[in-house]
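Here the structure comes first, spelled out in structure tokens, and everything after it is commentary.
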Amino acid sequence: MHEYVPLHIHTDYETGESLAPVVELVKKAKELGYQALAITGRNVMTGALLFETRCREQGIKPILGCEVAIAWKNDLEHFRLILLAETQEGYANLIQLSSCLHQPEFTQGLPLPKLEDHKDGLIAIIPLAVAKRGGRFPAKLAEIFAADNLFYETSPMAKPGQSQDCAYGQPVCSRAVRYLNRQDEAVFRKISTGYFDDEISRAHLPTTDEIENWQKLCPEAVANSWRIAERCNATATLHFTEADWPEFRDSEDAVAEVRAVCLQEIPRLYPNQQHIAVARLDEELQIVRETGLLYYLLILADVGAFVRQQGILAYPNWVQETGSIFYYLLGLSPVDPIRFSLPPPDSFVSSSQSRTPGITIKTGFEGRMKLNNYLQQKYAGRLAVSTLARRREIRNALLKAAEATKFDLQQAEKINRKMSLFPRWIDELPPLQEVWNESHPMHSFVNSNRRIRKLFTVAASLCMTAFSWAYLRNCLVLGPRNLSELVPLGRVDHRKQLTVQYRSTRLQQQGLLLIGLWEGEAATAIEETLLLIRANGKPVPDVRDIPLDEQSILAEAEEIAEKHGPWSKTEVVSEAVEKGWLSWFAHHYPDEYELARQRTREMNFRRQDGV
């Protein structure tokens, strides 16, 4: 064990700035005897939750930080500054500063007044490259930060006679870490963005021999790294309970409210099985009461009320929650869990111990837009777009592109796996074409072979389809209060929706709520069919009354459920119901149905072209 702590680490969550995967980084640090580590993404905090989790699993103290751009003198010049969260107040200020850097008005960096407004609870370290330049910038920082909160990086590798002392702050032995091992330097030089050439050399995680040598050369600076680590005790792993949510009032009142709404629907939907439906309802209510998820139900009921008020038709969904009678009674799913013998979702029990259940609704295009607008208005500031499931979309795009270009499918799968070698753009950054343009490693890889370039050209166009965009931008995270106080936010998209830097699944583990608004092509086609039927003056059918071959559906679902579990059974039933609807409309309303399918295809083409 030693007391040196690396306080300037970049991970592969940053495109072109690091080759260090979080999991491998922490594992390597454990092998080298590190007792603490800091994560300092450039303007971002992506990966912080995973970093903290892995550090604690390995018995390493995690330190949360961010390397921010500071505007200086004019718009053409800015400096970098490492900020570490000493306290929870410091972590909250880091969130604010990182979020600001993704807004248009701060593209050139944070102005010093903004930094001064959010300095509390933060320790500042002037990077080595900035400390070498000297000038007035360090002096300005000394006016903002107290003497014991301002440090400057110094390297023990300085040449004899080369002074690295800074007139302001205390020295701390540190250097940027951008890859794990020395031999990775050659690879990193090929993929780096190039504006930190002075930090590329020897940017590996320091070895034990190097640290022992540093302790001899600059003991005070090495000791300062440990002193800083001891002071930093902030955590990004927050836990929100019912009491944090404004929707939650009193447990018994909440149960009574949701139960009353559901009971109003039971006589209409279960005229001959009311006692069975009430028993199922009370069973699920008891589960939710015991697991402390009543605020989830209150929001679910609120969304359901809007769906019913607006006449939005929900469509068969693949999620396990479709097995809940709440979904059916509140109008958020057309699949009757009693009719199709679907078990209550065990997510009410198992997920409550690790993450809250999500709300997932599948509608047509118009229904999704209405729902999205309602949620954005009602929960303004508390709602942001997440980054769930982008990896699967990229894989699908690559495989579809392989078929279109007659590219070998096995090679396409290998290329998809190869994506994990690049920075983690798939989960955190924009679609394929945009990353291809901005990322040096991606650009070099794509242009290394004519056939690969053709494959990516087609895949990039597929990633820009309406389905892919709708799939991503309507995965929403809802917090108990303004999200700018809870998580670092990303850019505002073209629809003025906020995005979050953290993965949605990890936010669920903290008690935030994930809301998925899926738009299916079949759902949009049925939505259009119903509009055309109404426009033609014909009686509009209730899709809930469409006859289905229940015996065949149940037999197939039970067989699959035995092999893969209740979730698979829900998926099979949902798919069968949707297919049954499509077949029924195609048979009974062929003209309206065919025209609706044509309109749906045209709509998708227009949206692909950006219309």
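Lettering and numbering for the structure tokens are positional, with chains as A, B, ... in the shown order, residues counted from 1 in each chain, and ligands counted from 1 in the shown order.
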Check your understanding: Excluding same-chain residues fewer than 2 positions from Lys579 of chain A, what lies within 12 Å of it counting only C-alpha atoms, as number ranges by chain?
Key -> A: 315-316, 522-523, 526, 546-549, 553, 572-577, 581-586
Proximity check segment 91-130 of chain A to segment 40-60 of chain A, 12 Å, nearest pairs one decimal Å, only C-alpha atoms, as JSON lines:
{"residue": "A:Tyr91", "atom": "CA", "partner": "A:Met45", "partner_atom": "CA", "distance": 10.5}
{"residue": "A:Ala92", "atom": "CA", "partner": "A:Met45", "partner_atom": "CA", "distance": 11.9}
{"residue": "A:Leu94", "atom": "CA", "partner": "A:Met45", "partner_atom": "CA", "distance": 8.6}
{"residue": "A:Ile95", "atom": "CA", "partner": "A:Met45", "partner_atom": "CA", "distance": 8.0}
{"residue": "A:Gln96", "atom": "CA", "partner": "A:Val44", "partner_atom": "CA", "distance": 11.0}
{"residue": "A:Leu97", "atom": "CA", "partner": "A:Asn43", "partner_atom": "CA", "distance": 8.3}
{"residue": "A:Ser98", "atom": "CA", "partner": "A:Asn43", "partner_atom": "CA", "distance": 5.5}
{"residue": "A:Ser99", "atom": "CA", "partner": "A:Val44", "partner_atom": "CA", "distance": 8.0}
{"residue": "A:Cys100", "atom": "CA", "partner": "A:Asn43", "partner_atom": "CA", "distance": 9.2}
{"residue": "A:Leu101", "atom": "CA", "partner": "A:Asn43", "partner_atom": "CA", "distance": 6.4}
{"residue": "A:His102", "atom": "CA", "partner": "A:Asn43", "partner_atom": "CA", "distance": 8.1}
{"residue": "A:Gln103", "atom": "CA", "partner": "A:Asn43", "partner_atom": "CA", "distance": 11.4}
{"residue": "A:Phe106", "atom": "CA", "partner": "A:Asn43", "partner_atom": "CA", "distance": 11.0}
{"residue": "A:Thr107", "atom": "CA", "partner": "A:Asn43", "partner_atom": "CA", "distance": 10.4}
{"residue": "A:Gln108", "atom": "CA", "partner": "A:Asn43", "partner_atom": "CA", "distance": 11.3}
{"residue": "A:Gly109", "atom": "CA", "partner": "A:Asn43", "partner_atom": "CA", "distance": 9.1}
{"residue": "A:Leu110", "atom": "CA", "partner": "A:Asn43", "partner_atom": "CA", "distance": 10.1}
{"residue": "A:Ala124", "atom": "CA", "partner": "A:Thr40", "partner_atom": "CA", "distance": 11.6}
{"residue": "A:Ile125", "atom": "CA", "partner": "A:Thr40", "partner_atom": "CA", "distance": 11.0}
{"residue": "A:Pro127", "atom": "CA", "partner": "A:Thr40", "partner_atom": "CA", "distance": 11.5}
**Study point:** Among listed residues A:Phe407, A:Val278, A:Arg339, A:Leu371, nearest Ala305 of chain A (using only C-alpha atoms)
**Key:** A:Leu371
Review point. Which residue out of A:Gly537, A:Gly331, A:Pro21, A:Gly311 has the minimum interatomic distance to Glu265 of chain A when only C-alpha atoms are used?
Key: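 When distances to Glu265 of chain A are compared using only C-alpha atoms, the smallest one comes from A:Gly331.
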Practice item. Give the strand (DSSP E) residues of segment 134-292 of chain A, as DSSP finds them on the backbone, and put them as a ChimeraX atom specification. Key: /A:150-154,170-173
Any chance you could export the current selection's all heavy atoms as a compact mmCIF listing (two decimals), in the first residue's frame?
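Saved result, selection.txt, follows:
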# COMPACT_ATOMS: atom_id res chain seq x y z
N LEU A 150 -6.60 25.39 -3.10
CA LEU A 150 -6.01 25.59 -4.43
C LEU A 150 -4.66 24.90 -4.51
O LEU A 150 -3.77 25.14 -3.67
CB LEU A 150 -5.85 27.09 -4.73
CG LEU A 150 -5.28 27.45 -6.10
CD1 LEU A 150 -6.20 26.94 -7.21
CD2 LEU A 150 -5.07 28.95 -6.23
N PHE A 151 -4.52 24.04 -5.51
CA PHE A 151 -3.28 23.30 -5.72
C PHE A 151 -2.87 23.42 -7.19
O PHE A 151 -3.65 23.85 -8.02
CB PHE A 151 -3.48 21.81 -5.37
CG PHE A 151 -3.77 21.56 -3.92
CD1 PHE A 151 -5.05 21.74 -3.41
CD2 PHE A 151 -2.77 21.14 -3.06
CE1 PHE A 151 -5.33 21.49 -2.07
CE2 PHE A 151 -3.05 20.90 -1.71
CZ PHE A 151 -4.33 21.08 -1.22
N TYR A 152 -1.64 23.04 -7.47
CA TYR A 152 -1.20 22.99 -8.85
C TYR A 152 -0.43 21.68 -9.07
O TYR A 152 0.26 21.20 -8.18
CB TYR A 152 -0.34 24.20 -9.22
CG TYR A 152 0.98 24.31 -8.47
CD1 TYR A 152 2.15 23.72 -8.96
CD2 TYR A 152 1.05 25.03 -7.27
CE1 TYR A 152 3.34 23.82 -8.27
CE2 TYR A 152 2.24 25.13 -6.58
CZ TYR A 152 3.39 24.52 -7.08
OH TYR A 152 4.58 24.62 -6.39
N GLU A 153 -0.61 21.11 -10.25
CA GLU A 153 0.08 19.86 -10.58
C GLU A 153 1.56 20.12 -10.78
O GLU A 153 1.96 21.10 -11.40
CB GLU A 153 -0.49 19.25 -11.87
CG GLU A 153 -1.83 18.58 -11.69
CD GLU A 153 -2.27 17.84 -12.94
OE1 GLU A 153 -1.91 18.29 -14.06
OE2 GLU A 153 -2.96 16.83 -12.82
N THR A 154 2.36 19.22 -10.27
CA THR A 154 3.79 19.25 -10.51
C THR A 154 4.24 17.84 -10.85
O THR A 154 3.70 16.86 -10.33
CB THR A 154 4.56 19.77 -9.29
OG1 THR A 154 5.95 19.82 -9.61
CG2 THR A 154 4.35 18.89 -8.07
N GLN A 170 -0.71 25.15 -3.64
CA GLN A 170 0.24 24.19 -3.11
C GLN A 170 0.53 23.13 -4.16
O GLN A 170 -0.34 22.79 -4.97
CB GLN A 170 -0.35 23.52 -1.86
CG GLN A 170 -0.83 24.48 -0.80
CD GLN A 170 -1.60 23.77 0.28
OE1 GLN A 170 -1.07 22.89 0.98
NE2 GLN A 170 -2.88 24.11 0.46
N PRO A 171 1.73 22.55 -4.17
CA PRO A 171 2.06 21.54 -5.19
C PRO A 171 1.40 20.20 -4.87
O PRO A 171 1.27 19.81 -3.70
CB PRO A 171 3.58 21.45 -5.10
CG PRO A 171 3.88 21.78 -3.66
CD PRO A 171 2.87 22.84 -3.28
N VAL A 172 0.97 19.50 -5.89
CA VAL A 172 0.47 18.14 -5.73
C VAL A 172 1.02 17.31 -6.87
O VAL A 172 0.98 17.72 -8.04
CB VAL A 172 -1.07 18.09 -5.70
CG1 VAL A 172 -1.67 18.66 -6.96
CG2 VAL A 172 -1.56 16.66 -5.48
N CYS A 173 1.61 16.21 -6.53
CA CYS A 173 2.18 15.33 -7.55
C CYS A 173 1.05 14.66 -8.31
O CYS A 173 0.27 13.88 -7.75
CB CYS A 173 3.06 14.28 -6.89
SG CYS A 173 3.96 13.25 -8.06
Exercise for review: Enter the distance from atom CA of Glu257 of chain A to atom CA of Gly381 of chain A, in Å, rounded to one decimal.
Suggested key: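 Atom CA of Gly381 of chain A lies at a distance of 25.9 Å from atom CA of Glu257 of chain A.
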Point to revise | Gap from atom CA of Arg175 of chain A to atom CA of Gly490 of chain A - Å, one decimal | key: 27.0 Å
**Study point:** Of the listed residues A:Ala186, A:Ala221, A:Val288, A:Leu409, that which approaches Ser155 of chain A most closely, counting only C-alpha atoms
**Key:**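 The shortest atom-to-atom distance to Ser155 of chain A comes from A:Ala221.
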Practice item. May I have the residues within 7 Å of segment 79-89 of chain A as a PyMOL selection string, using only C-alpha atoms and disregarding those fewer than 5 positions away in the same chain? Key: chain A and resi 64-72+120-127+130+231-235
**Study point:** Nearest-residue call for Glu252 of chain A, choices A:Arg289, A:Arg136, A:Arg227, A:Lys400, using only C-alpha atoms
**Key:**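 Counting only C-alpha atoms, the residue closest to Glu252 of chain A is A:Arg289.
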**Study point:** Distance in Å - atom CA of Val258 of chain A versus atom CA of Leu298 of chain A
**Key:** 6.7 Å
Review point. Got a sec: who's within 12 Å of Asp336 of chain A, counting only C-alpha atoms, leaving out chain neighbours fewer than 5 positions off, as a PyMOL selection string?
Key: chain A and resi 266+269-270+277+280+315-317+321-331+341-344+544-545+550+570+573-574+577
Exercise for review: For Val5 of chain A, please output as a list in words all residues within 7 Å (counting only C-alpha atoms; exclusion window: fewer than 3 positions along the same chain).
Suggested key: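 Listing them by chain and then by number gives Tyr34, Ala36, Leu37, Ser225 and Trp226 of chain A.
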Convert the current residue selection to file output with N, CA and C atoms, as a compact mmCIF listing (two decimals), in the first residue's frame.
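Below is the file that was written, selection30.txt:
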# COMPACT_ATOMS: atom_id res chain seq x y z
N TYR A 34 -3.54 1.05 -4.97
CA TYR A 34 -4.11 2.38 -4.74
C TYR A 34 -5.23 2.30 -3.71
N ALA A 36 -7.19 5.17 -3.22
CA ALA A 36 -8.19 6.13 -3.67
C ALA A 36 -7.93 6.47 -5.13
N LEU A 37 -8.99 6.89 -5.84
CA LEU A 37 -8.90 7.29 -7.25
C LEU A 37 -9.86 8.45 -7.47
N SER A 225 -1.34 14.72 -2.35
CA SER A 225 -2.36 13.96 -3.08
C SER A 225 -3.19 13.13 -2.11
N TRP A 226 -2.54 12.59 -1.08
CA TRP A 226 -3.26 11.80 -0.09
C TRP A 226 -4.10 12.70 0.82
**Study point:** Option closest in space to Glu185 of chain A, from A:Leu141, A:Cys475, A:Leu7, A:Leu19 [counting only C-alpha atoms]
**Key:** A:Leu19
Point to revise | DSSP helix (DSSP H, G or I) residues within segment 189-303 of chain A, as a PyMOL selection string | key: chain A and resi 189-191+197-200+208-217+219-231+242-244+251-269+274-291+294-303
Exercise for review: Would you mind telling me which residue in A:Ile9, A:Arg599, A:Ile312, A:Lys132 lies nearest to Lys370 of chain A when using only C-alpha atoms?
Suggested key: A:Ile312
